[in-house]
>>> print(open('run.txt').read())   # compact mmCIF, N, CA and C atoms
# COMPACT_ATOMS: atom_id res chain seq x y z
N MET U 181 -12.48 7.59 12.05
CA MET U 181 -11.36 7.04 11.32
C MET U 181 -10.48 8.20 10.85
N SER U 182 -9.26 8.22 11.30
CA SER U 182 -8.32 9.27 10.93
C SER U 182 -7.51 8.88 9.70
N LEU U 183 -7.29 9.85 8.83
CA LEU U 183 -6.47 9.64 7.64
C LEU U 183 -5.05 10.18 7.82
N LYS U 184 -4.74 10.70 9.00
CA LYS U 184 -3.45 11.37 9.22
C LYS U 184 -2.26 10.49 8.88
N ARG U 185 -2.23 9.27 9.38
CA ARG U 185 -1.07 8.40 9.11
C ARG U 185 -0.95 8.08 7.62
N LEU U 186 -2.07 7.89 6.96
CA LEU U 186 -2.06 7.58 5.53
C LEU U 186 -1.59 8.78 4.70
N LEU U 187 -2.05 9.97 5.05
CA LEU U 187 -1.75 11.14 4.25
C LEU U 187 -0.47 11.86 4.65
N GLN U 188 -0.01 11.66 5.89
CA GLN U 188 1.24 12.26 6.37
C GLN U 188 2.10 11.17 7.00
N PRO U 189 2.53 10.20 6.20
CA PRO U 189 3.22 9.05 6.76
C PRO U 189 4.67 9.32 7.16
N HIS U 190 5.13 8.55 8.14
CA HIS U 190 6.54 8.50 8.51
C HIS U 190 7.17 7.22 7.98
N SER U 191 6.33 6.27 7.58
CA SER U 191 6.81 5.02 6.99
C SER U 191 5.82 4.58 5.90
N ILE U 192 6.39 4.03 4.83
CA ILE U 192 5.59 3.59 3.69
C ILE U 192 6.02 2.18 3.30
N ALA U 193 5.04 1.29 3.15
CA ALA U 193 5.30 -0.04 2.60
C ALA U 193 4.75 -0.06 1.17
N VAL U 194 5.49 -0.69 0.27
CA VAL U 194 5.04 -0.80 -1.12
C VAL U 194 5.00 -2.27 -1.52
N PHE U 195 3.93 -2.66 -2.19
CA PHE U 195 3.69 -4.04 -2.59
C PHE U 195 3.53 -4.11 -4.09
N GLY U 196 4.23 -5.04 -4.72
CA GLY U 196 4.08 -5.24 -6.14
C GLY U 196 5.38 -5.09 -6.90
N GLY U 197 5.25 -5.00 -8.21
CA GLY U 197 6.40 -4.94 -9.10
C GLY U 197 6.66 -3.54 -9.62
N ARG U 198 6.36 -3.33 -10.89
CA ARG U 198 6.68 -2.07 -11.57
C ARG U 198 6.09 -0.84 -10.87
N GLU U 199 4.82 -0.90 -10.50
CA GLU U 199 4.18 0.25 -9.87
C GLU U 199 4.80 0.55 -8.51
N ALA U 200 5.08 -0.49 -7.73
CA ALA U 200 5.70 -0.30 -6.41
C ALA U 200 7.09 0.30 -6.56
N ARG U 201 7.84 -0.17 -7.53
CA ARG U 201 9.18 0.37 -7.79
C ARG U 201 9.10 1.87 -8.12
N GLU U 202 8.10 2.24 -8.88
CA GLU U 202 7.94 3.65 -9.23
C GLU U 202 7.57 4.49 -8.01
N VAL U 203 6.78 3.96 -7.10
CA VAL U 203 6.46 4.68 -5.86
C VAL U 203 7.75 4.94 -5.08
N VAL U 204 8.62 3.95 -5.00
CA VAL U 204 9.91 4.13 -4.31
C VAL U 204 10.70 5.25 -4.99
N ARG U 205 10.78 5.22 -6.30
CA ARG U 205 11.52 6.26 -7.05
C ARG U 205 10.93 7.65 -6.79
N GLN U 206 9.61 7.74 -6.84
CA GLN U 206 8.95 9.04 -6.63
C GLN U 206 9.23 9.58 -5.23
N CYS U 207 9.13 8.73 -4.24
CA CYS U 207 9.38 9.18 -2.86
C CYS U 207 10.82 9.64 -2.69
N ARG U 208 11.74 8.93 -3.29
CA ARG U 208 13.15 9.34 -3.21
C ARG U 208 13.38 10.66 -3.95
N ARG U 209 12.77 10.80 -5.10
CA ARG U 209 12.90 12.03 -5.88
C ARG U 209 12.40 13.24 -5.08
N MET U 210 11.36 13.02 -4.31
CA MET U 210 10.78 14.11 -3.50
C MET U 210 11.38 14.18 -2.10
N GLU U 211 12.42 13.37 -1.86
CA GLU U 211 13.17 13.39 -0.60
C GLU U 211 12.31 13.05 0.62
N PHE U 212 11.47 12.03 0.46
CA PHE U 212 10.70 11.53 1.61
C PHE U 212 11.68 11.14 2.71
N ALA U 213 11.47 11.65 3.92
CA ALA U 213 12.43 11.47 5.01
C ALA U 213 12.17 10.20 5.84
N GLY U 214 11.04 9.55 5.62
CA GLY U 214 10.70 8.38 6.43
C GLY U 214 11.24 7.09 5.85
N ASP U 215 10.83 5.99 6.47
CA ASP U 215 11.23 4.66 6.02
C ASP U 215 10.38 4.21 4.84
N ILE U 216 11.01 3.53 3.89
CA ILE U 216 10.32 2.92 2.77
C ILE U 216 10.64 1.43 2.80
N TRP U 217 9.59 0.61 2.86
CA TRP U 217 9.75 -0.84 2.99
C TRP U 217 9.11 -1.56 1.81
N PRO U 218 9.89 -1.96 0.82
CA PRO U 218 9.34 -2.78 -0.25
C PRO U 218 8.98 -4.18 0.27
N VAL U 219 7.86 -4.70 -0.20
CA VAL U 219 7.43 -6.04 0.18
C VAL U 219 7.19 -6.83 -1.10
N HIS U 220 7.90 -7.94 -1.23
CA HIS U 220 7.77 -8.79 -2.41
C HIS U 220 8.17 -10.21 -1.99
N PRO U 221 7.38 -11.21 -2.34
CA PRO U 221 7.67 -12.57 -1.86
C PRO U 221 8.95 -13.19 -2.40
N SER U 222 9.46 -12.69 -3.54
CA SER U 222 10.64 -13.34 -4.11
C SER U 222 11.81 -12.40 -4.41
N ALA U 223 11.65 -11.12 -4.27
CA ALA U 223 12.74 -10.18 -4.55
C ALA U 223 13.57 -9.93 -3.30
N ASP U 224 14.87 -9.73 -3.49
CA ASP U 224 15.76 -9.40 -2.38
C ASP U 224 15.83 -7.90 -2.12
N GLU U 225 15.69 -7.11 -3.20
CA GLU U 225 15.77 -5.66 -3.06
C GLU U 225 14.94 -4.98 -4.14
N VAL U 226 14.56 -3.75 -3.85
CA VAL U 226 13.89 -2.89 -4.81
C VAL U 226 14.57 -1.53 -4.72
N GLU U 227 15.13 -1.08 -5.83
CA GLU U 227 15.82 0.21 -5.87
C GLU U 227 16.86 0.33 -4.75
N GLY U 228 17.54 -0.77 -4.46
CA GLY U 228 18.59 -0.76 -3.44
C GLY U 228 18.10 -0.91 -2.01
N LEU U 229 16.80 -1.00 -1.82
CA LEU U 229 16.23 -1.18 -0.48
C LEU U 229 15.95 -2.66 -0.23
N ARG U 230 16.25 -3.11 0.97
CA ARG U 230 15.96 -4.50 1.34
C ARG U 230 14.47 -4.78 1.19
N CYS U 231 14.16 -5.92 0.63
CA CYS U 231 12.78 -6.34 0.45
C CYS U 231 12.36 -7.26 1.59
N PHE U 232 11.15 -7.09 2.05
CA PHE U 232 10.55 -7.99 3.03
C PHE U 232 9.62 -8.93 2.28
N ALA U 233 9.53 -10.16 2.74
CA ALA U 233 8.73 -11.17 2.03
C ALA U 233 7.23 -11.04 2.29
N SER U 234 6.85 -10.42 3.41
CA SER U 234 5.43 -10.34 3.77
C SER U 234 5.20 -9.19 4.75
N VAL U 235 3.95 -8.86 4.97
CA VAL U 235 3.58 -7.84 5.95
C VAL U 235 4.12 -8.22 7.33
N GLU U 236 4.03 -9.49 7.65
CA GLU U 236 4.44 -9.96 8.97
C GLU U 236 5.92 -9.73 9.24
N GLU U 237 6.74 -9.64 8.21
CA GLU U 237 8.18 -9.42 8.37
C GLU U 237 8.57 -7.96 8.52
N LEU U 238 7.64 -7.04 8.29
CA LEU U 238 7.97 -5.62 8.41
C LEU U 238 8.40 -5.28 9.84
N PRO U 239 9.31 -4.31 10.00
CA PRO U 239 9.81 -3.97 11.33
C PRO U 239 8.76 -3.36 12.25
N SER U 240 7.74 -2.73 11.70
CA SER U 240 6.61 -2.21 12.48
C SER U 240 5.45 -1.99 11.52
N SER U 241 4.36 -1.48 12.04
CA SER U 241 3.20 -1.25 11.17
C SER U 241 3.43 0.03 10.36
N PRO U 242 3.32 -0.05 9.04
CA PRO U 242 3.54 1.14 8.22
C PRO U 242 2.40 2.14 8.38
N ASP U 243 2.76 3.41 8.28
CA ASP U 243 1.72 4.44 8.31
C ASP U 243 0.88 4.39 7.04
N ALA U 244 1.54 4.20 5.91
CA ALA U 244 0.85 4.17 4.62
C ALA U 244 1.40 3.03 3.78
N SER U 245 0.57 2.51 2.91
CA SER U 245 0.99 1.43 2.01
C SER U 245 0.43 1.67 0.63
N PHE U 246 1.22 1.32 -0.37
CA PHE U 246 0.76 1.31 -1.75
C PHE U 246 0.71 -0.15 -2.18
N ILE U 247 -0.47 -0.61 -2.59
CA ILE U 247 -0.66 -2.01 -2.95
C ILE U 247 -0.91 -2.08 -4.46
N GLY U 248 0.11 -2.51 -5.19
CA GLY U 248 0.04 -2.58 -6.65
C GLY U 248 0.09 -4.02 -7.15
N VAL U 249 -0.84 -4.83 -6.68
CA VAL U 249 -0.89 -6.25 -7.05
C VAL U 249 -2.30 -6.58 -7.55
N ASN U 250 -2.55 -7.84 -7.93
CA ASN U 250 -3.88 -8.23 -8.43
C ASN U 250 -4.95 -8.11 -7.34
N ARG U 251 -6.19 -8.18 -7.76
CA ARG U 251 -7.29 -7.88 -6.84
C ARG U 251 -7.41 -8.87 -5.68
N GLN U 252 -7.21 -10.16 -5.91
CA GLN U 252 -7.33 -11.12 -4.80
C GLN U 252 -6.21 -10.93 -3.80
N THR U 253 -4.99 -10.75 -4.29
CA THR U 253 -3.86 -10.54 -3.39
C THR U 253 -4.02 -9.22 -2.63
N THR U 254 -4.63 -8.23 -3.26
CA THR U 254 -4.90 -6.96 -2.58
C THR U 254 -5.72 -7.19 -1.32
N VAL U 255 -6.76 -8.00 -1.42
CA VAL U 255 -7.61 -8.30 -0.25
C VAL U 255 -6.78 -8.94 0.86
N ASP U 256 -5.94 -9.88 0.50
CA ASP U 256 -5.10 -10.57 1.50
C ASP U 256 -4.13 -9.61 2.17
N ILE U 257 -3.50 -8.74 1.39
CA ILE U 257 -2.55 -7.77 1.95
C ILE U 257 -3.26 -6.78 2.85
N VAL U 258 -4.42 -6.29 2.43
CA VAL U 258 -5.19 -5.35 3.26
C VAL U 258 -5.52 -6.00 4.60
N ARG U 259 -5.93 -7.25 4.59
CA ARG U 259 -6.23 -7.97 5.84
C ARG U 259 -5.00 -8.00 6.75
N SER U 260 -3.85 -8.36 6.19
CA SER U 260 -2.62 -8.45 6.97
C SER U 260 -2.20 -7.08 7.51
N LEU U 261 -2.33 -6.04 6.69
CA LEU U 261 -1.99 -4.70 7.15
C LEU U 261 -2.90 -4.24 8.28
N SER U 262 -4.19 -4.50 8.13
CA SER U 262 -5.14 -4.12 9.18
C SER U 262 -4.82 -4.83 10.49
N GLN U 263 -4.52 -6.12 10.40
CA GLN U 263 -4.18 -6.89 11.60
C GLN U 263 -2.90 -6.39 12.25
N LYS U 264 -1.98 -5.83 11.46
CA LYS U 264 -0.72 -5.33 11.98
C LYS U 264 -0.87 -3.91 12.54
N GLY U 265 -2.00 -3.26 12.30
CA GLY U 265 -2.22 -1.92 12.82
C GLY U 265 -1.72 -0.81 11.91
N ALA U 266 -1.69 -1.06 10.61
CA ALA U 266 -1.22 -0.07 9.64
C ALA U 266 -2.16 1.14 9.61
N GLY U 267 -1.62 2.26 9.13
CA GLY U 267 -2.38 3.50 9.10
C GLY U 267 -3.32 3.65 7.93
N GLY U 268 -3.12 2.87 6.88
CA GLY U 268 -4.00 2.94 5.71
C GLY U 268 -3.29 2.47 4.47
N ALA U 269 -4.05 2.34 3.38
CA ALA U 269 -3.48 1.80 2.15
C ALA U 269 -4.17 2.37 0.92
N VAL U 270 -3.38 2.50 -0.14
CA VAL U 270 -3.89 2.80 -1.47
C VAL U 270 -4.03 1.46 -2.20
N CYS U 271 -5.22 1.18 -2.70
CA CYS U 271 -5.48 -0.07 -3.43
C CYS U 271 -5.58 0.24 -4.92
N TYR U 272 -4.52 -0.05 -5.64
CA TYR U 272 -4.37 0.28 -7.05
C TYR U 272 -5.18 -0.64 -7.96
N ALA U 273 -5.38 -1.88 -7.57
CA ALA U 273 -6.02 -2.88 -8.43
C ALA U 273 -7.45 -2.50 -8.79
N SER U 274 -7.84 -2.91 -9.98
CA SER U 274 -9.22 -2.77 -10.42
C SER U 274 -9.87 -4.16 -10.40
N GLY U 275 -11.14 -4.18 -10.77
CA GLY U 275 -11.85 -5.46 -10.84
C GLY U 275 -12.66 -5.76 -9.60
N PHE U 276 -13.11 -4.73 -8.94
CA PHE U 276 -13.93 -4.92 -7.75
C PHE U 276 -15.38 -4.58 -8.11
N LYS U 277 -16.01 -3.70 -7.40
CA LYS U 277 -17.44 -3.44 -7.60
C LYS U 277 -17.77 -2.87 -8.99
N GLU U 278 -16.75 -2.34 -9.67
CA GLU U 278 -17.01 -1.73 -10.97
C GLU U 278 -17.16 -2.76 -12.09
N VAL U 279 -16.95 -4.05 -11.79
CA VAL U 279 -17.14 -5.10 -12.78
C VAL U 279 -18.19 -6.10 -12.27
N SER U 280 -18.78 -6.84 -13.19
CA SER U 280 -19.91 -7.70 -12.83
C SER U 280 -19.55 -8.79 -11.83
N ASP U 281 -18.34 -9.31 -11.85
CA ASP U 281 -17.99 -10.39 -10.92
C ASP U 281 -17.19 -9.90 -9.71
N GLY U 282 -17.19 -8.59 -9.47
CA GLY U 282 -16.34 -8.07 -8.41
C GLY U 282 -17.01 -7.63 -7.13
N GLU U 283 -18.33 -7.69 -7.06
CA GLU U 283 -19.02 -7.17 -5.88
C GLU U 283 -18.66 -7.93 -4.61
N ASP U 284 -18.60 -9.26 -4.68
CA ASP U 284 -18.23 -10.05 -3.50
C ASP U 284 -16.81 -9.74 -3.06
N LEU U 285 -15.92 -9.57 -4.01
CA LEU U 285 -14.54 -9.24 -3.69
C LEU U 285 -14.44 -7.84 -3.08
N ASN U 286 -15.26 -6.92 -3.56
CA ASN U 286 -15.31 -5.58 -2.98
C ASN U 286 -15.75 -5.64 -1.52
N ASP U 287 -16.77 -6.44 -1.25
CA ASP U 287 -17.23 -6.62 0.13
C ASP U 287 -16.13 -7.24 0.99
N ALA U 288 -15.40 -8.20 0.43
CA ALA U 288 -14.29 -8.83 1.17
C ALA U 288 -13.19 -7.82 1.46
N LEU U 289 -12.93 -6.91 0.53
CA LEU U 289 -11.92 -5.88 0.73
C LEU U 289 -12.30 -4.97 1.89
N ILE U 290 -13.54 -4.52 1.90
CA ILE U 290 -14.02 -3.64 2.97
C ILE U 290 -13.96 -4.36 4.32
N GLU U 291 -14.39 -5.61 4.34
CA GLU U 291 -14.33 -6.40 5.57
C GLU U 291 -12.89 -6.60 6.03
N SER U 292 -11.99 -6.86 5.10
CA SER U 292 -10.58 -7.08 5.44
C SER U 292 -9.94 -5.84 6.03
N ALA U 293 -10.35 -4.67 5.56
CA ALA U 293 -9.78 -3.42 6.06
C ALA U 293 -10.16 -3.16 7.51
N GLY U 294 -11.32 -3.62 7.93
CA GLY U 294 -11.76 -3.33 9.29
C GLY U 294 -11.82 -1.82 9.49
N GLY U 295 -11.14 -1.33 10.52
CA GLY U 295 -11.12 0.10 10.79
C GLY U 295 -10.01 0.85 10.08
N MET U 296 -9.21 0.17 9.28
CA MET U 296 -8.10 0.81 8.57
C MET U 296 -8.62 1.51 7.32
N PRO U 297 -8.30 2.80 7.14
CA PRO U 297 -8.76 3.48 5.93
C PRO U 297 -8.05 2.97 4.67
N ILE U 298 -8.82 2.89 3.59
CA ILE U 298 -8.24 2.54 2.30
C ILE U 298 -8.71 3.57 1.27
N LEU U 299 -7.84 3.84 0.31
CA LEU U 299 -8.20 4.65 -0.85
C LEU U 299 -8.29 3.68 -2.01
N GLY U 300 -9.46 3.59 -2.61
CA GLY U 300 -9.66 2.64 -3.69
C GLY U 300 -10.78 1.69 -3.31
N PRO U 301 -10.88 0.61 -4.05
CA PRO U 301 -9.94 0.11 -5.05
C PRO U 301 -10.02 0.91 -6.35
N ASN U 302 -9.17 0.49 -7.30
CA ASN U 302 -9.10 1.14 -8.60
C ASN U 302 -8.73 2.61 -8.43
N CYS U 303 -7.78 2.85 -7.55
CA CYS U 303 -7.34 4.20 -7.22
C CYS U 303 -5.88 4.37 -7.63
N TYR U 304 -5.59 5.42 -8.35
CA TYR U 304 -4.22 5.64 -8.80
C TYR U 304 -3.30 6.02 -7.66
N GLY U 305 -3.83 6.70 -6.64
CA GLY U 305 -2.99 7.00 -5.49
C GLY U 305 -3.24 8.38 -4.93
N VAL U 306 -2.27 8.82 -4.13
CA VAL U 306 -2.35 10.12 -3.47
C VAL U 306 -0.95 10.70 -3.40
N ILE U 307 -0.86 12.02 -3.48
CA ILE U 307 0.43 12.71 -3.44
C ILE U 307 0.42 13.73 -2.32
N ASN U 308 1.43 13.70 -1.47
CA ASN U 308 1.65 14.72 -0.45
C ASN U 308 3.01 15.35 -0.75
N TYR U 309 3.00 16.43 -1.52
CA TYR U 309 4.25 17.08 -1.91
C TYR U 309 4.98 17.70 -0.72
N LEU U 310 4.24 18.15 0.29
CA LEU U 310 4.87 18.80 1.44
C LEU U 310 5.81 17.85 2.18
N ASP U 311 5.41 16.59 2.30
CA ASP U 311 6.22 15.61 3.02
C ASP U 311 6.98 14.66 2.09
N GLY U 312 6.80 14.82 0.79
CA GLY U 312 7.48 13.95 -0.17
C GLY U 312 6.94 12.53 -0.21
N ALA U 313 5.72 12.35 0.24
CA ALA U 313 5.09 11.02 0.26
C ALA U 313 4.21 10.87 -0.98
N LEU U 314 4.70 10.10 -1.93
CA LEU U 314 3.98 9.90 -3.18
C LEU U 314 3.55 8.45 -3.30
N LEU U 315 2.32 8.18 -2.99
CA LEU U 315 1.76 6.83 -3.13
C LEU U 315 1.07 6.81 -4.49
N TRP U 316 1.88 6.94 -5.52
CA TRP U 316 1.40 7.19 -6.86
C TRP U 316 2.44 6.68 -7.85
N PRO U 317 2.08 5.74 -8.69
CA PRO U 317 3.10 5.24 -9.64
C PRO U 317 3.27 6.20 -10.75
>>> encode(input="run.txt", output="structure tokens")
Amino acid sequence: MSLKRLLQPHSIAVFGGREAREVVRQCRRMEFAGDIWPVHPSADEVEGLRCFASVEELPSSPDASFIGVNRQTTVDIVRSLSQKGAGGAVCYASGFKEVSDGEDLNDALIESAGGMPILGPNCYGVINYLDGALLWP
């Protein structure tokens, strides 16, 4: 399993509200040269970028994704990203194996990822200053 696409992305998808918006801001501040694709089911834009309603609407499979949504939705998004051939994802949500009722959900997350690498769950993110890719709120 290679982490290259996740750690040195040419395209980044961001999922969620406040945290995802901050990832977009951070990448712009660091002059990330690749594509940034916000995904939100009801928003039209995030920080001036067109929003996509779902993973399926993305123009291609993202190299890296930041998932800043609740734990159940995280599992669903990871499944969709894996099926689309994404390079990997940061899973920001908590409430998986580290809590008493989260072990089954943790297993579902791992199964949903398939061969796609994930960082997390309950992971704040990753920063690649050289390429300006900040998957970090």
>>> residues_around(input="run.txt", residues="region 305-312 of chain U", least_positions_apart="2", cutoff="10 Å", atoms="only C-alpha atoms", output="ChimeraX atom specification")
/U:186-190,203,206-214,246-247,269-272,299-303,314-317
>>> closest_residue(input="run.txt", among="U:Met296, U:Ala313, U:Ser280, U:Val219", to="Gly197 (chain U)", atoms="only N, CA and C atoms")
U:Val219
>>> atom_distance(input="run.txt", atom1="CA of Glu227 (chain U)", atom2="CA of Arg251 (chain U)")
24.5 Å
>>> atom_distance(input="run.txt", atom1="CA of Leu285 (chain U)", atom2="CA of Val235 (chain U)")
20.6 Å
>>> closest_residue(input="run.txt", among="U:Ser274, U:Ser292, U:Ser182, U:Ser240", to="Arg259 (chain U)", atoms="only C-alpha atoms")
U:Ser292
>>> residues_near_point(input="run.txt", point="(-15.2, -4.6, 1.6)", cutoff="12 Å", atoms="only C-alpha atoms", output="compact mmCIF listing (two decimals) with N, CA and C atoms, keeping the file's coordinate frame")
# COMPACT_ATOMS: atom_id res chain seq x y z
N THR U 254 -4.63 -8.23 -3.26
CA THR U 254 -4.90 -6.96 -2.58
C THR U 254 -5.72 -7.19 -1.32
N VAL U 255 -6.76 -8.00 -1.42
CA VAL U 255 -7.61 -8.30 -0.25
C VAL U 255 -6.78 -8.94 0.86
N ASP U 256 -5.94 -9.88 0.50
CA ASP U 256 -5.10 -10.57 1.50
C ASP U 256 -4.13 -9.61 2.17
N VAL U 258 -4.42 -6.29 2.43
CA VAL U 258 -5.19 -5.35 3.26
C VAL U 258 -5.52 -6.00 4.60
N ARG U 259 -5.93 -7.25 4.59
CA ARG U 259 -6.23 -7.97 5.84
C ARG U 259 -5.00 -8.00 6.75
N CYS U 271 -5.22 1.18 -2.70
CA CYS U 271 -5.48 -0.07 -3.43
C CYS U 271 -5.58 0.24 -4.92
N PHE U 276 -13.11 -4.73 -8.94
CA PHE U 276 -13.93 -4.92 -7.75
C PHE U 276 -15.38 -4.58 -8.11
N LYS U 277 -16.01 -3.70 -7.40
CA LYS U 277 -17.44 -3.44 -7.60
C LYS U 277 -17.77 -2.87 -8.99
N GLY U 282 -17.19 -8.59 -9.47
CA GLY U 282 -16.34 -8.07 -8.41
C GLY U 282 -17.01 -7.63 -7.13
N GLU U 283 -18.33 -7.69 -7.06
CA GLU U 283 -19.02 -7.17 -5.88
C GLU U 283 -18.66 -7.93 -4.61
N ASP U 284 -18.60 -9.26 -4.68
CA ASP U 284 -18.23 -10.05 -3.50
C ASP U 284 -16.81 -9.74 -3.06
N LEU U 285 -15.92 -9.57 -4.01
CA LEU U 285 -14.54 -9.24 -3.69
C LEU U 285 -14.44 -7.84 -3.08
N ASN U 286 -15.26 -6.92 -3.56
CA ASN U 286 -15.31 -5.58 -2.98
C ASN U 286 -15.75 -5.64 -1.52
N ASP U 287 -16.77 -6.44 -1.25
CA ASP U 287 -17.23 -6.62 0.13
C ASP U 287 -16.13 -7.24 0.99
N ALA U 288 -15.40 -8.20 0.43
CA ALA U 288 -14.29 -8.83 1.17
C ALA U 288 -13.19 -7.82 1.46
N LEU U 289 -12.93 -6.91 0.53
CA LEU U 289 -11.92 -5.88 0.73
C LEU U 289 -12.30 -4.97 1.89
N ILE U 290 -13.54 -4.52 1.90
CA ILE U 290 -14.02 -3.64 2.97
C ILE U 290 -13.96 -4.36 4.32
N GLU U 291 -14.39 -5.61 4.34
CA GLU U 291 -14.33 -6.40 5.57
C GLU U 291 -12.89 -6.60 6.03
N SER U 292 -11.99 -6.86 5.10
CA SER U 292 -10.58 -7.08 5.44
C SER U 292 -9.94 -5.84 6.03
N ALA U 293 -10.35 -4.67 5.56
CA ALA U 293 -9.78 -3.42 6.06
C ALA U 293 -10.16 -3.16 7.51
N GLY U 294 -11.32 -3.62 7.93
CA GLY U 294 -11.76 -3.33 9.29
C GLY U 294 -11.82 -1.82 9.49
N GLY U 295 -11.14 -1.33 10.52
CA GLY U 295 -11.12 0.10 10.79
C GLY U 295 -10.01 0.85 10.08
N MET U 296 -9.21 0.17 9.28
CA MET U 296 -8.10 0.81 8.57
C MET U 296 -8.62 1.51 7.32
N PRO U 297 -8.30 2.80 7.14
CA PRO U 297 -8.76 3.48 5.93
C PRO U 297 -8.05 2.97 4.67
N ILE U 298 -8.82 2.89 3.59
CA ILE U 298 -8.24 2.54 2.30
C ILE U 298 -8.71 3.57 1.27
N LEU U 299 -7.84 3.84 0.31
CA LEU U 299 -8.20 4.65 -0.85
C LEU U 299 -8.29 3.68 -2.01
N GLY U 300 -9.46 3.59 -2.61
CA GLY U 300 -9.66 2.64 -3.69
C GLY U 300 -10.78 1.69 -3.31
N PRO U 301 -10.88 0.61 -4.05
CA PRO U 301 -9.94 0.11 -5.05
C PRO U 301 -10.02 0.91 -6.35
>>> closest_residue(input="run.txt", among="U:Gly275, U:Gly228, U:Gly196, U:Gly265", to="Ser241 (chain U)", atoms="all atoms listed in the file")
U:Gly265
>>> closest_residue(input="run.txt", among="U:Ala200, U:Lys184, U:Phe195, U:Glu225", to="Gly268 (chain U)", atoms="only N, CA and C atoms")
U:Lys184
>>> atom_distance(input="run.txt", atom1="CA of Gly267 (chain U)", atom2="CA of Val226 (chain U)")
22.3 Å
>>> residues_around(input="run.txt", residues="His220 (chain U)", least_positions_apart="2", cutoff="6 Å", atoms="only C-alpha atoms", output="short mmCIF file (atom, residue, chain, number, x, y, z; two decimals) with N, CA and C atoms, in the coordinates of the input")
data_model
loop_
_atom_site.label_atom_id
_atom_site.label_comp_id
_atom_site.auth_asym_id
_atom_site.auth_seq_id
_atom_site.Cartn_x
_atom_site.Cartn_y
_atom_site.Cartn_z
N SER U 222 9.46 -12.69 -3.54
CA SER U 222 10.64 -13.34 -4.11
C SER U 222 11.81 -12.40 -4.41
N ALA U 223 11.65 -11.12 -4.27
CA ALA U 223 12.74 -10.18 -4.55
C ALA U 223 13.57 -9.93 -3.30
N ALA U 233 9.53 -10.16 2.74
CA ALA U 233 8.73 -11.17 2.03
C ALA U 233 7.23 -11.04 2.29
#
>>> closest_residue(input="run.txt", among="U:Val204, U:Leu183, U:Ala266, U:Ile257", to="Pro242 (chain U)", atoms="only N, CA and C atoms")
U:Ala266
>>> closest_residue(input="run.txt", among="U:Pro218, U:Glu202, U:Ala273, U:Leu261", to="Gly248 (chain U)", atoms="only N, CA and C atoms")
U:Ala273
>>> select_by_dssp(input="run.txt", residues="chain U", states="helix (DSSP H, G or I)", output="JSON, numbers by chain")
{"U": [184, 185, 186, 187, 198, 199, 200, 201, 202, 203, 204, 205, 206, 207, 208, 209, 235, 236, 237, 251, 252, 253, 254, 255, 256, 257, 258, 259, 260, 261, 262, 263, 264, 283, 284, 285, 286, 287, 288, 289, 290, 291, 292, 293]}
>>> decode(input="run.txt", residues="region 197-214 of chain U", atoms="C-alpha atoms", output="compact mmCIF listing (two decimals), in the first residue's frame")
# COMPACT_ATOMS: atom_id res chain seq x y z
CA GLY U 197 -18.09 22.24 7.37
CA ARG U 198 -15.76 24.38 9.48
CA GLU U 199 -12.79 21.98 9.47
CA ALA U 200 -13.01 21.39 5.71
CA ARG U 201 -13.19 25.14 5.09
CA GLU U 202 -10.03 25.59 7.14
CA VAL U 203 -8.22 22.91 5.11
CA VAL U 204 -9.08 24.88 1.95
CA ARG U 205 -7.74 28.09 3.55
CA GLN U 206 -4.54 26.38 4.70
CA CYS U 207 -3.84 24.89 1.27
CA ARG U 208 -4.39 28.25 -0.40
CA ARG U 209 -2.18 30.00 2.14
CA MET U 210 0.60 27.53 1.35
CA GLU U 211 -0.03 27.90 -2.41
CA PHE U 212 -1.04 24.31 -3.09
CA ALA U 213 -0.82 24.02 -6.89
CA GLY U 214 -3.29 21.16 -7.35
